[in-house]
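Novice: Contents of run09.csv (CSV, C-alpha atoms):
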chain,number,residue,atom,x,y,z
A,1,MET,CA,-30.3,-8.9,13.8
A,2,ASN,CA,-29.0,-5.5,13.2
A,3,ASN,CA,-30.7,-2.6,15.0
A,4,ARG,CA,-32.3,0.0,13.0
A,5,ILE,CA,-33.8,3.3,14.1
A,6,ILE,CA,-36.4,5.1,12.2
A,7,ILE,CA,-36.2,8.9,12.8
A,8,VAL,CA,-39.4,10.8,12.3
A,9,PRO,CA,-38.9,14.6,12.8
A,10,CYS,CA,-42.2,16.4,13.1
A,11,PHE,CA,-43.6,19.8,14.0
A,12,ASN,CA,-47.4,20.1,14.5
A,13,GLU,CA,-48.3,16.9,12.7
A,14,ASP,CA,-51.0,15.6,15.2
A,15,GLY,CA,-53.3,15.0,12.2
A,16,CYS,CA,-51.3,12.1,10.7
A,17,ILE,CA,-48.4,11.2,13.0
A,18,LYS,CA,-50.3,8.3,14.4
A,19,SER,CA,-50.9,6.7,11.0
A,20,VAL,CA,-47.3,7.3,10.0
A,21,ILE,CA,-46.1,5.5,13.1
A,22,GLU,CA,-48.6,2.7,12.6
A,23,GLU,CA,-47.6,2.3,9.0
A,24,ILE,CA,-43.9,2.1,9.9
A,25,ALA,CA,-44.5,-0.3,12.8
A,26,SER,CA,-46.5,-2.7,10.6
A,27,HIS,CA,-43.7,-2.8,7.9
A,28,GLN,CA,-40.8,-2.7,10.4
A,29,PRO,CA,-41.8,-4.4,13.6
A,30,ALA,CA,-38.2,-4.8,14.7
A,31,ALA,CA,-37.2,-1.2,14.2
A,32,GLU,CA,-37.3,1.4,16.9
A,33,VAL,CA,-39.4,4.4,15.8
A,34,VAL,CA,-38.2,7.7,17.3
A,35,VAL,CA,-40.4,10.7,16.9
A,36,ILE,CA,-38.5,13.9,17.3
A,37,ASN,CA,-41.2,16.4,18.4
A,38,ASP,CA,-39.7,19.8,17.4
A,39,GLY,CA,-41.5,21.9,20.0
A,40,SER,CA,-45.0,21.4,18.5
A,41,THR,CA,-47.8,23.5,19.8
A,42,ASP,CA,-50.4,20.9,19.1
A,43,MET,CA,-51.0,17.4,20.4
A,44,THR,CA,-48.2,15.8,18.3
A,45,SER,CA,-46.3,14.4,21.3
A,46,GLN,CA,-49.5,12.9,22.9
A,47,ALA,CA,-50.6,11.4,19.5
A,48,ALA,CA,-47.3,9.8,19.0
A,49,ARG,CA,-47.1,8.4,22.5
A,50,SER,CA,-50.7,7.1,22.3
A,51,THR,CA,-49.5,4.5,19.7
A,52,GLY,CA,-47.4,2.8,22.3
A,53,THR,CA,-44.9,1.7,19.7
A,54,ALA,CA,-42.9,4.9,19.2
A,55,SER,CA,-40.2,6.5,21.4
A,56,VAL,CA,-40.9,10.2,21.6
A,57,ILE,CA,-38.2,12.8,22.1
A,58,ASP,CA,-39.7,16.3,22.9
A,59,LEU,CA,-37.4,19.2,22.1
A,60,PRO,CA,-37.9,22.0,24.7
A,61,VAL,CA,-37.8,24.7,22.0
A,62,ASN,CA,-38.4,24.7,18.2
A,63,LEU,CA,-35.0,24.2,16.5
A,64,GLY,CA,-36.1,23.8,12.9
A,65,VAL,CA,-35.8,20.6,10.8
A,66,GLY,CA,-32.0,20.5,10.9
A,67,GLY,CA,-31.8,20.6,14.7
A,68,ALA,CA,-34.6,18.1,15.1
A,69,VAL,CA,-33.1,15.6,12.6
A,70,GLN,CA,-29.7,16.0,14.3
A,71,THR,CA,-31.3,15.1,17.6
A,72,GLY,CA,-32.4,11.8,16.0
A,73,PHE,CA,-28.9,11.1,14.8
A,74,LYS,CA,-27.5,11.9,18.2
A,75,PHE,CA,-30.0,9.4,19.7
A,76,ALA,CA,-29.2,6.8,17.1
A,77,HIS,CA,-25.5,7.2,17.7
A,78,LYS,CA,-26.1,6.9,21.5
A,79,ARG,CA,-28.0,3.6,20.9
A,80,LYS,CA,-25.2,2.4,18.6
A,81,ALA,CA,-27.7,1.8,15.8
A,82,ASP,CA,-26.4,0.1,12.7
A,83,TYR,CA,-28.9,1.9,10.4
A,84,ALA,CA,-31.0,4.9,10.6
A,85,ILE,CA,-33.9,5.8,8.3
A,86,LYS,CA,-35.3,9.3,8.2
A,87,VAL,CA,-39.1,9.4,7.4
A,88,ASP,CA,-41.0,12.7,7.3
A,89,GLY,CA,-43.9,13.0,9.8
A,90,ASP,CA,-46.4,14.1,7.2
A,91,GLY,CA,-47.0,10.7,5.6
A,92,GLN,CA,-45.4,11.3,2.2
A,93,HIS,CA,-43.0,8.5,2.6
A,94,PRO,CA,-44.3,4.9,2.2
A,95,ALA,CA,-42.8,2.7,4.9
A,96,ALA,CA,-42.9,-0.3,2.5
A,97,ALA,CA,-39.7,1.1,0.9
A,98,VAL,CA,-37.6,1.0,4.0
A,99,ASP,CA,-36.1,-2.4,3.2
A,100,SER,CA,-35.1,-1.4,-0.4
A,101,LEU,CA,-33.5,1.8,1.1
A,102,LEU,CA,-31.4,-0.3,3.4
A,103,LEU,CA,-30.3,-2.8,0.8
A,104,PRO,CA,-27.4,-0.7,-0.6
A,105,LEU,CA,-26.2,0.0,2.9
A,106,MET,CA,-26.3,-3.7,3.9
A,107,ASN,CA,-24.4,-4.6,0.7
A,108,GLY,CA,-21.8,-2.0,1.6
A,109,GLU,CA,-22.4,-0.1,-1.6
A,110,ALA,CA,-23.2,3.2,0.0
A,111,ASP,CA,-23.2,5.1,3.3
A,112,LEU,CA,-26.3,7.2,2.5
A,113,VAL,CA,-29.3,6.2,0.4
A,114,ILE,CA,-31.8,8.7,-0.9
A,115,ALA,CA,-35.3,7.8,-2.1
A,116,SER,CA,-36.1,9.6,-5.3
A,117,ARG,CA,-39.6,10.2,-6.6
A,118,PHE,CA,-38.2,11.1,-10.0
A,119,LEU,CA,-36.4,7.8,-10.6
A,120,SER,CA,-39.6,5.9,-10.1
A,121,PRO,CA,-41.1,4.4,-13.3
A,122,ASN,CA,-44.7,4.8,-11.9
A,123,MET,CA,-44.5,8.4,-11.2
A,124,GLY,CA,-46.7,8.8,-8.1
A,125,TYR,CA,-46.6,12.2,-6.4
A,126,GLN,CA,-44.3,14.6,-8.3
A,127,SER,CA,-45.1,18.0,-6.7
A,128,SER,CA,-45.9,21.3,-8.4
A,129,PHE,CA,-44.2,22.7,-11.5
A,130,SER,CA,-42.4,25.6,-9.7
A,131,ARG,CA,-41.2,23.1,-7.1
A,132,ARG,CA,-39.8,20.9,-9.9
A,133,ILE,CA,-37.9,23.9,-11.4
A,134,GLY,CA,-36.4,24.7,-8.0
A,135,SER,CA,-35.5,21.1,-7.7
A,136,LYS,CA,-33.7,21.2,-11.1
A,137,VAL,CA,-31.7,24.2,-10.1
A,138,ILE,CA,-30.6,22.5,-6.8
A,139,GLN,CA,-29.9,19.3,-8.7
A,140,TRP,CA,-27.6,21.2,-11.1
A,141,LEU,CA,-25.8,23.0,-8.3
A,142,CYS,CA,-25.4,19.7,-6.4
A,143,GLN,CA,-23.8,18.2,-9.5
A,144,MET,CA,-21.5,21.2,-10.0
A,145,LEU,CA,-20.3,21.0,-6.4
A,146,THR,CA,-20.0,17.2,-5.9
A,147,GLY,CA,-19.9,15.7,-9.3
A,148,ILE,CA,-22.8,13.3,-8.5
A,149,ARG,CA,-26.2,13.4,-10.1
A,150,ILE,CA,-29.0,13.4,-7.6
A,151,THR,CA,-32.4,13.4,-9.2
A,152,ASP,CA,-34.4,14.3,-6.1
A,153,PRO,CA,-32.1,16.5,-3.9
A,154,THR,CA,-34.9,17.8,-1.7
A,155,SER,CA,-36.2,14.3,-0.8
A,156,GLY,CA,-36.2,13.8,3.0
A,157,TYR,CA,-36.6,10.0,2.8
A,158,ARG,CA,-33.1,8.7,3.4
A,159,ALA,CA,-31.2,5.8,5.0
A,160,TYR,CA,-27.8,6.0,6.8
A,161,ASN,CA,-25.3,3.4,8.0
A,162,SER,CA,-23.4,3.7,11.3
A,163,ARG,CA,-20.6,5.7,9.6
A,164,ALA,CA,-23.1,8.2,8.3
A,165,ILE,CA,-25.0,8.3,11.6
A,166,SER,CA,-21.9,9.2,13.6
A,167,PHE,CA,-20.9,11.9,11.0
A,168,MET,CA,-24.4,13.4,10.9
A,169,ALA,CA,-24.7,13.4,14.7
A,170,ARG,CA,-21.8,15.8,14.8
A,171,HIS,CA,-22.0,17.8,11.6
A,172,TYR,CA,-25.6,17.8,10.5
A,173,PRO,CA,-26.6,21.1,8.9
A,174,THR,CA,-28.7,23.1,11.4
A,175,PHE,CA,-30.4,24.9,8.6
A,176,ASP,CA,-34.3,25.0,8.2
A,177,TYR,CA,-34.3,22.9,5.0
A,178,PRO,CA,-31.2,20.8,5.3
A,179,GLU,CA,-31.7,18.1,2.6
A,180,PRO,CA,-29.7,19.5,-0.4
A,181,GLU,CA,-27.0,20.8,2.0
A,182,GLU,CA,-26.7,17.3,3.5
A,183,ILE,CA,-25.8,15.9,0.1
A,184,VAL,CA,-23.0,18.3,-0.5
A,185,LEU,CA,-21.8,17.8,3.1
A,186,ALA,CA,-21.9,14.0,2.8
A,187,ALA,CA,-20.2,13.9,-0.6
A,188,ARG,CA,-17.5,16.4,0.4
A,189,ASN,CA,-16.7,14.3,3.4
A,190,GLY,CA,-16.4,11.0,1.6
A,191,LEU,CA,-19.7,9.4,2.3
A,192,ARG,CA,-20.9,7.3,-0.7
A,193,ILE,CA,-24.4,8.3,-1.9
A,194,ILE,CA,-26.8,6.2,-3.9
A,195,GLU,CA,-30.3,7.0,-5.1
A,196,ILE,CA,-33.1,4.5,-5.5
A,197,PRO,CA,-36.6,4.9,-7.0
A,198,VAL,CA,-39.5,5.2,-4.5
A,199,GLU,CA,-43.0,6.2,-5.3
A,200,MET,CA,-44.1,9.0,-2.9
A,201,ARG,CA,-47.5,10.1,-1.9
A,202,ASP,CA,-48.9,13.6,-1.5
A,203,ARG,CA,-48.9,14.9,2.1
A,204,GLN,CA,-51.8,13.6,4.1
A,205,ALA,CA,-52.3,16.5,6.5
A,206,GLY,CA,-50.6,19.6,7.7
A,207,ILE,CA,-49.0,22.3,5.5
A,208,SER,CA,-45.7,22.2,3.6
A,209,THR,CA,-42.7,23.8,5.4
A,210,ILE,CA,-42.0,25.8,2.2
A,211,SER,CA,-44.8,28.1,1.1
A,212,SER,CA,-44.7,29.6,-2.4
A,213,SER,CA,-43.9,33.1,-1.1
A,214,MET,CA,-41.0,31.7,0.8
A,215,SER,CA,-39.6,29.8,-2.2
A,216,ILE,CA,-37.3,32.5,-3.5
A,217,TYR,CA,-35.9,33.0,0.0
A,218,TYR,CA,-35.6,29.2,0.3
A,219,MET,CA,-33.7,29.0,-3.0
A,220,LEU,CA,-31.2,31.7,-2.0
A,221,LYS,CA,-30.6,30.2,1.4
A,222,VAL,CA,-30.1,26.7,0.0
A,223,THR,CA,-27.8,27.9,-2.7
A,224,LEU,CA,-25.7,29.9,-0.3
A,225,ALA,CA,-25.6,27.1,2.3
A,226,MET,CA,-24.5,24.6,-0.4
A,227,ILE,CA,-21.7,26.8,-1.7
A,228,PHE,CA,-20.4,27.5,1.8
A,229,ILE,CA,-20.4,23.8,2.7
A,230,PHE,CA,-18.3,23.3,-0.4
A,231,LEU,CA,-15.9,26.0,0.7
A,232,ARG,CA,-15.4,24.6,4.2
A,233,PRO,CA,-12.6,22.2,5.2
A,234,ILE,CA,-13.3,18.4,5.1
A,235,GLU,CA,-14.1,16.9,8.5
A,236,LYS,CA,-12.6,13.7,9.8
A,237,ILE,CA,-15.0,10.8,9.9
A,238,LYS,CA,-14.7,8.7,13.1
A,239,GLU,CA,-15.5,5.1,12.5
B,240,MET,CA,-11.1,76.4,22.7
B,241,GLU,CA,-14.1,76.3,20.3
B,242,LYS,CA,-17.5,75.4,21.7
B,243,ILE,CA,-17.8,72.3,19.4
B,244,GLN,CA,-14.5,71.0,20.7
B,245,LEU,CA,-15.6,71.2,24.3
B,246,ILE,CA,-18.8,69.4,23.4
B,247,ALA,CA,-16.8,66.7,21.6
B,248,ILE,CA,-14.5,66.2,24.5
B,249,LEU,CA,-17.3,66.0,27.1
B,250,GLY,CA,-19.4,63.7,24.8
B,251,SER,CA,-16.6,61.2,24.2
B,252,ILE,CA,-15.5,61.2,27.9
B,253,PHE,CA,-19.1,60.6,29.0
B,254,PHE,CA,-19.3,57.8,26.4
B,255,MET,CA,-16.1,56.2,27.8
B,256,ILE,CA,-17.4,56.5,31.4
B,257,GLY,CA,-20.6,54.8,30.4
B,258,VAL,CA,-18.8,51.9,28.7
B,259,ILE,CA,-16.4,51.5,31.7
B,260,GLU,CA,-19.3,51.6,34.1
B,261,LEU,CA,-21.2,48.9,32.2
B,262,ILE,CA,-18.1,46.6,32.2
B,263,ARG,CA,-17.6,47.3,35.9
B,264,ARG,CA,-21.2,46.3,36.7
B,265,LYS,CA,-20.7,43.1,34.5
B,266,GLN,CA,-23.4,44.3,32.0
B,267,ILE,CA,-20.9,43.9,29.2
B,268,LYS,CA,-18.2,41.2,29.1
B,269,GLU,CA,-14.7,42.6,28.7
B,270,ALA,CA,-14.1,40.7,25.4
B,271,TYR,CA,-17.1,42.3,23.8
B,272,ALA,CA,-16.3,45.8,25.2
B,273,LEU,CA,-12.9,45.8,23.7
B,274,LEU,CA,-14.0,47.3,20.4
B,275,TRP,CA,-16.1,50.0,22.2
B,276,LEU,CA,-13.2,51.0,24.4
B,277,ILE,CA,-10.7,51.2,21.5
B,278,PHE,CA,-12.9,53.4,19.4
B,279,GLY,CA,-14.1,55.4,22.4
B,280,THR,CA,-10.4,56.2,23.1
B,281,VAL,CA,-9.8,57.2,19.5
B,282,PHE,CA,-12.6,59.8,19.8
B,283,VAL,CA,-11.4,61.1,23.1
B,284,VAL,CA,-7.9,61.5,21.7
B,285,PHE,CA,-9.0,63.3,18.6
B,286,SER,CA,-11.4,65.6,20.3
B,287,ILE,CA,-8.6,66.8,22.7
B,288,TRP,CA,-5.8,66.8,20.1
B,289,LYS,CA,-7.5,68.6,17.3
B,290,LYS,CA,-4.3,69.2,15.3
B,291,GLY,CA,-3.7,65.4,15.3
B,292,LEU,CA,-6.9,64.9,13.4
B,293,ASP,CA,-5.9,67.5,10.8
B,294,PHE,CA,-2.5,65.9,10.5
B,295,ILE,CA,-3.7,62.4,10.0
B,296,ALA,CA,-6.4,63.5,7.6
B,297,SER,CA,-3.7,65.3,5.4
B,298,LEU,CA,-1.5,62.1,5.7
B,299,VAL,CA,-4.2,59.9,4.2
B,300,GLY,CA,-5.4,62.5,1.8
B,301,VAL,CA,-8.8,63.4,3.4
B,302,TYR,CA,-9.5,67.1,2.6
B,303,TYR,CA,-12.1,67.6,5.2
B,304,PRO,CA,-10.8,66.3,8.6
B,305,PRO,CA,-14.1,65.7,10.3
B,306,ALA,CA,-15.0,63.3,7.5
B,307,LEU,CA,-12.2,61.1,8.8
B,308,LEU,CA,-14.0,60.8,12.1
B,309,PHE,CA,-17.1,59.7,10.2
B,310,LEU,CA,-15.1,57.0,8.4
B,311,VAL,CA,-13.6,55.8,11.7
B,312,MET,CA,-17.0,55.7,13.3
B,313,MET,CA,-18.5,53.7,10.4
B,314,VAL,CA,-15.7,51.2,10.5
B,315,ALA,CA,-16.1,50.9,14.2
B,316,ILE,CA,-19.9,50.2,13.9
B,317,VAL,CA,-19.4,47.7,11.1
B,318,LEU,CA,-16.8,45.8,13.0
B,319,ILE,CA,-18.9,45.7,16.1
B,320,LEU,CA,-21.9,44.5,14.2
B,321,ILE,CA,-19.9,41.7,12.6
B,322,GLN,CA,-18.7,40.7,16.1
B,323,PHE,CA,-22.3,40.6,17.2
B,324,SER,CA,-23.2,38.3,14.2
B,325,VAL,CA,-20.4,36.0,15.2
B,326,VAL,CA,-21.5,35.9,18.9
B,327,ILE,CA,-25.1,35.4,18.0
B,328,SER,CA,-24.3,32.5,15.6
B,329,ARG,CA,-22.1,30.9,18.3
B,330,ASN,CA,-24.9,31.3,20.9
B,331,ASN,CA,-27.4,29.7,18.4
B,332,ASP,CA,-25.2,26.7,18.2
B,333,LYS,CA,-24.9,26.4,21.9
B,334,VAL,CA,-28.6,26.8,22.5
B,335,LYS,CA,-29.3,24.1,19.9
B,336,ASN,CA,-26.8,21.7,21.5
B,337,LEU,CA,-28.2,22.4,24.9
B,338,ALA,CA,-31.8,21.8,23.8
B,339,GLN,CA,-30.9,18.6,22.1
B,340,GLU,CA,-29.0,17.4,25.2
B,341,ILE,CA,-32.0,18.2,27.4
B,342,ALA,CA,-34.4,16.4,25.1
B,343,LEU,CA,-32.1,13.3,25.0
B,344,LEU,CA,-31.7,13.3,28.8
B,345,LYS,CA,-35.5,13.6,29.3
B,346,LYS,CA,-35.9,10.6,27.1
B,347,GLN,CA,-33.3,8.7,29.0
B,348,ILE,CA,-34.9,9.5,32.4
B,349,GLU,CA,-38.3,8.4,31.0
B,350,ASP,CA,-36.8,5.1,29.8
B,351,GLU,CA,-35.2,4.5,33.2
B,352,ASN,CA,-38.4,5.2,35.1
B,353,LYS,CA,-40.4,2.8,32.9
B,354,PRO,CA,-41.3,-0.4,34.7
B,355,GLY,CA,-39.4,-3.3,33.1
B,356,ASN,CA,-37.1,-1.0,31.1
B,357,LYS,CA,-34.8,-2.5,28.4
B,358,ASN,CA,-31.6,-0.8,29.6
Show the structure stored in the file as structure tokens.
Specialist:
Amino acid sequence: MNNRIIIVPCFNEDGCIKSVIEEIASHQPAAEVVVINDGSTDMTSQAARSTGTASVIDLPVNLGVGGAVQTGFKFAHKRKADYAIKVDGDGQHPAAAVDSLLLPLMNGEADLVIASRFLSPNMGYQSSFSRRIGSKVIQWLCQMLTGIRITDPTSGYRAYNSRAISFMARHYPTFDYPEPEEIVLAARNGLRIIEIPVEMRDRQAGISTISSSMSIYYMLKVTLAMIFIFLRPIEKIKE
Amino acid sequence: MEKIQLIAILGSIFFMIGVIELIRRKQIKEAYALLWLIFGTVFVVFSIWKKGLDFIASLVGVYYPPALLFLVMMVAIVLILIQFSVVISRNNDKVKNLAQEIALLKKQIEDENKPGNKN
């Protein structure tokens, strides 16, 4: 049996972290669920611990999504995990899809698998209009920089093999919204990326990390970060 | 000697003494103080050797010699600010790595203290 670690980064998600963990545990009883509590000011840590099924890592200070996710990769790397799956703590990502995310990794077709809400035939949650425009711009930029077409570049629901885990443990972008950047970084450094359709839900509780007034700032930052990753030298991947 | 020159000499010397004193008391690391010291020296030199400023200004084609001082000062400030950005970014990275390390170690200690632990 291969060992798989499910990384759940969260910041102030005590409203739904419990149901997220329980859902994962019911679909993936063999996997280790690791909640990375990014310096939450609410009861997230206690709520996650109360389930008894999740490992909880409490960051002493708030590092932002990038720093929290990287902590998960460092942990998975330390545990010598074969696969890591990243699931958001807000309940948008259905745990039933974990096995289909892992399939391309197990078949050796990819190092990184992204769940796309836009590839799905039954649409499910598609987010707001302005979000979709932003998503299109990022998608176009991604394609310009890497040559691959990613329909859902901001999706945080992803699976990684051990090669990708060891790379991300060392080089994960420490940016607030690292998803699009991660694609450019992975593609630039020779990780193979595949997208599969997954129907997503709307968030169950909490607020989005990107408010509408922040979206222009977000777009600028993401664009800049992606271009600079493209300009940086390629890192060596240790097997 | 003109009054303004005396003020310039005193001002730049006091500035240098201030910077040196901060380094001596380890309030500024030598590496970060290098730029302050270099530009402080430039100002001391030009306030004493006024002809030198006129000479260099005419060499580079600046008609009004004091404007050269402003230029040097602005270049100095920009360089120092860029150095600060570099240092802050590096420190951010170090703090991030330390925080992650602490969190992972705390987790490890927790696991080891758990009765019947897996490791």
Novice: So that I can see what lies close to Glu22 in chain A, please list as a list in words the residues with an atom at most 12 Å from it, counting only C-alpha atoms and leaving out residues fewer than 3 positions away in the same chain.
Specialist: Cys16, Ile17, Lys18, Ser19, Ala25, Ser26, His27, Gln28, Pro29, Val33, Ala47, Ala48, Arg49, Ser50, Thr51, Gly52, Thr53, Ala54, Gly89, Gly91, Pro94, Ala95 and Ala96 of chain A
Novice: Counting only C-alpha atoms, which residues of chain B come no farther than 12 Å from chain A, as a PyMOL selection string?
Specialist: chain B and resi 328+331-350+357-358
Novice: Residues around (-25.4, 23.6, 0.5), cut-off 12 Å, counting all atoms listed in the file - what are they as a JSON list (two decimals) with C-alpha atoms, keeping the file's coordinate frame?
Specialist:
[["chain", "number", "residue", "atom", "x", "y", "z"],
["A", 138, "ILE", "CA", -30.60, 22.50, -6.80],
["A", 139, "GLN", "CA", -29.90, 19.30, -8.70],
["A", 141, "LEU", "CA", -25.80, 23.00, -8.30],
["A", 142, "CYS", "CA", -25.40, 19.70, -6.40],
["A", 143, "GLN", "CA", -23.80, 18.20, -9.50],
["A", 144, "MET", "CA", -21.50, 21.20, -10.00],
["A", 145, "LEU", "CA", -20.30, 21.00, -6.40],
["A", 146, "THR", "CA", -20.00, 17.20, -5.90],
["A", 153, "PRO", "CA", -32.10, 16.50, -3.90],
["A", 154, "THR", "CA", -34.90, 17.80, -1.70],
["A", 172, "TYR", "CA", -25.60, 17.80, 10.50],
["A", 173, "PRO", "CA", -26.60, 21.10, 8.90],
["A", 174, "THR", "CA", -28.70, 23.10, 11.40],
["A", 175, "PHE", "CA", -30.40, 24.90, 8.60],
["A", 176, "ASP", "CA", -34.30, 25.00, 8.20],
["A", 177, "TYR", "CA", -34.30, 22.90, 5.00],
["A", 178, "PRO", "CA", -31.20, 20.80, 5.30],
["A", 179, "GLU", "CA", -31.70, 18.10, 2.60],
["A", 180, "PRO", "CA", -29.70, 19.50, -0.40],
["A", 181, "GLU", "CA", -27.00, 20.80, 2.00],
["A", 182, "GLU", "CA", -26.70, 17.30, 3.50],
["A", 183, "ILE", "CA", -25.80, 15.90, 0.10],
["A", 184, "VAL", "CA", -23.00, 18.30, -0.50],
["A", 185, "LEU", "CA", -21.80, 17.80, 3.10],
["A", 186, "ALA", "CA", -21.90, 14.00, 2.80],
["A", 187, "ALA", "CA", -20.20, 13.90, -0.60],
["A", 188, "ARG", "CA", -17.50, 16.40, 0.40],
["A", 218, "TYR", "CA", -35.60, 29.20, 0.30],
["A", 219, "MET", "CA", -33.70, 29.00, -3.00],
["A", 220, "LEU", "CA", -31.20, 31.70, -2.00],
["A", 221, "LYS", "CA", -30.60, 30.20, 1.40],
["A", 222, "VAL", "CA", -30.10, 26.70, 0.00],
["A", 223, "THR", "CA", -27.80, 27.90, -2.70],
["A", 224, "LEU", "CA", -25.70, 29.90, -0.30],
["A", 225, "ALA", "CA", -25.60, 27.10, 2.30],
["A", 226, "MET", "CA", -24.50, 24.60, -0.40],
["A", 227, "ILE", "CA", -21.70, 26.80, -1.70],
["A", 228, "PHE", "CA", -20.40, 27.50, 1.80],
["A", 229, "ILE", "CA", -20.40, 23.80, 2.70],
["A", 230, "PHE", "CA", -18.30, 23.30, -0.40],
["A", 231, "LEU", "CA", -15.90, 26.00, 0.70],
["A", 232, "ARG", "CA", -15.40, 24.60, 4.20]]
Novice: Find the spatial neighbours of Tyr160 in chain A, counting all atoms listed in the file, within a cut-off of 6 Å - ignore same-chain residues fewer than 6 positions away - and output them as a PyMOL selection string.
Specialist: chain A and resi 83-84+111-112
Novice: Hey, can you check how far CA of Val113 in chain A sits from CA of Val69 in chain A?
Specialist: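 Rounded to one decimal, the two atoms are 15.9 Å apart.
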Novice: Considering all atoms listed in the file, state which residue in the set A:Tyr217, A:Arg163, A:Thr41, A:His171 is at the smallest distance from Gly108 in chain A.
Specialist: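 Using all atoms listed in the file, Gly108 in chain A sits closest to A:Arg163.
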Novice: Leaving out Ile316 in chain B and any residue of its chain fewer than 5 positions from it, which residues lie within 12 Å of it when counting all atoms listed in the file, given as a list in words?
Specialist: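 The residues that qualify are Leu274, Trp275, Ile277, Phe278, Gly279, Phe309, Leu310, Val311, Ile321, Gln322 and Phe323 of chain B.
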Novice: When you draw a straight line from CA of Asp82 in chain A to CA of Glu32 in chain A, how long is it in Å?
Specialist: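 Computing the Euclidean distance for CA of Asp82 in chain A and CA of Glu32 in chain A yields 11.8 Å.
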Novice: Using CA of Pro197 in chain A and CA of Leu119 in chain A as the two end points, give the distance in Å to one decimal.
Specialist: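 CA of Pro197 in chain A sits 4.6 Å away from CA of Leu119 in chain A.
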Novice: For Met240 in chain B, list every protein, DNA or RNA residue within 12 Å, evaluated using only C-alpha atoms, and leave out those in the same chain fewer than 3 positions away; present the list as a list in words.
Specialist: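 Once the nearby chain positions are removed, what remains is Ile243, Gln244, Leu245, Ile246, Ala247, Ile248, Ser286, Ile287, Trp288 and Lys289 of chain B.
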Novice: In terms of the shortest atom-to-atom distance over all atoms listed in the file, which of B:Ala306, B:Leu276, B:Val284, B:Ala270 is closest to Gly257 in chain B?
Specialist: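 The answer is B:Leu276, which sits nearest to Gly257 in chain B.
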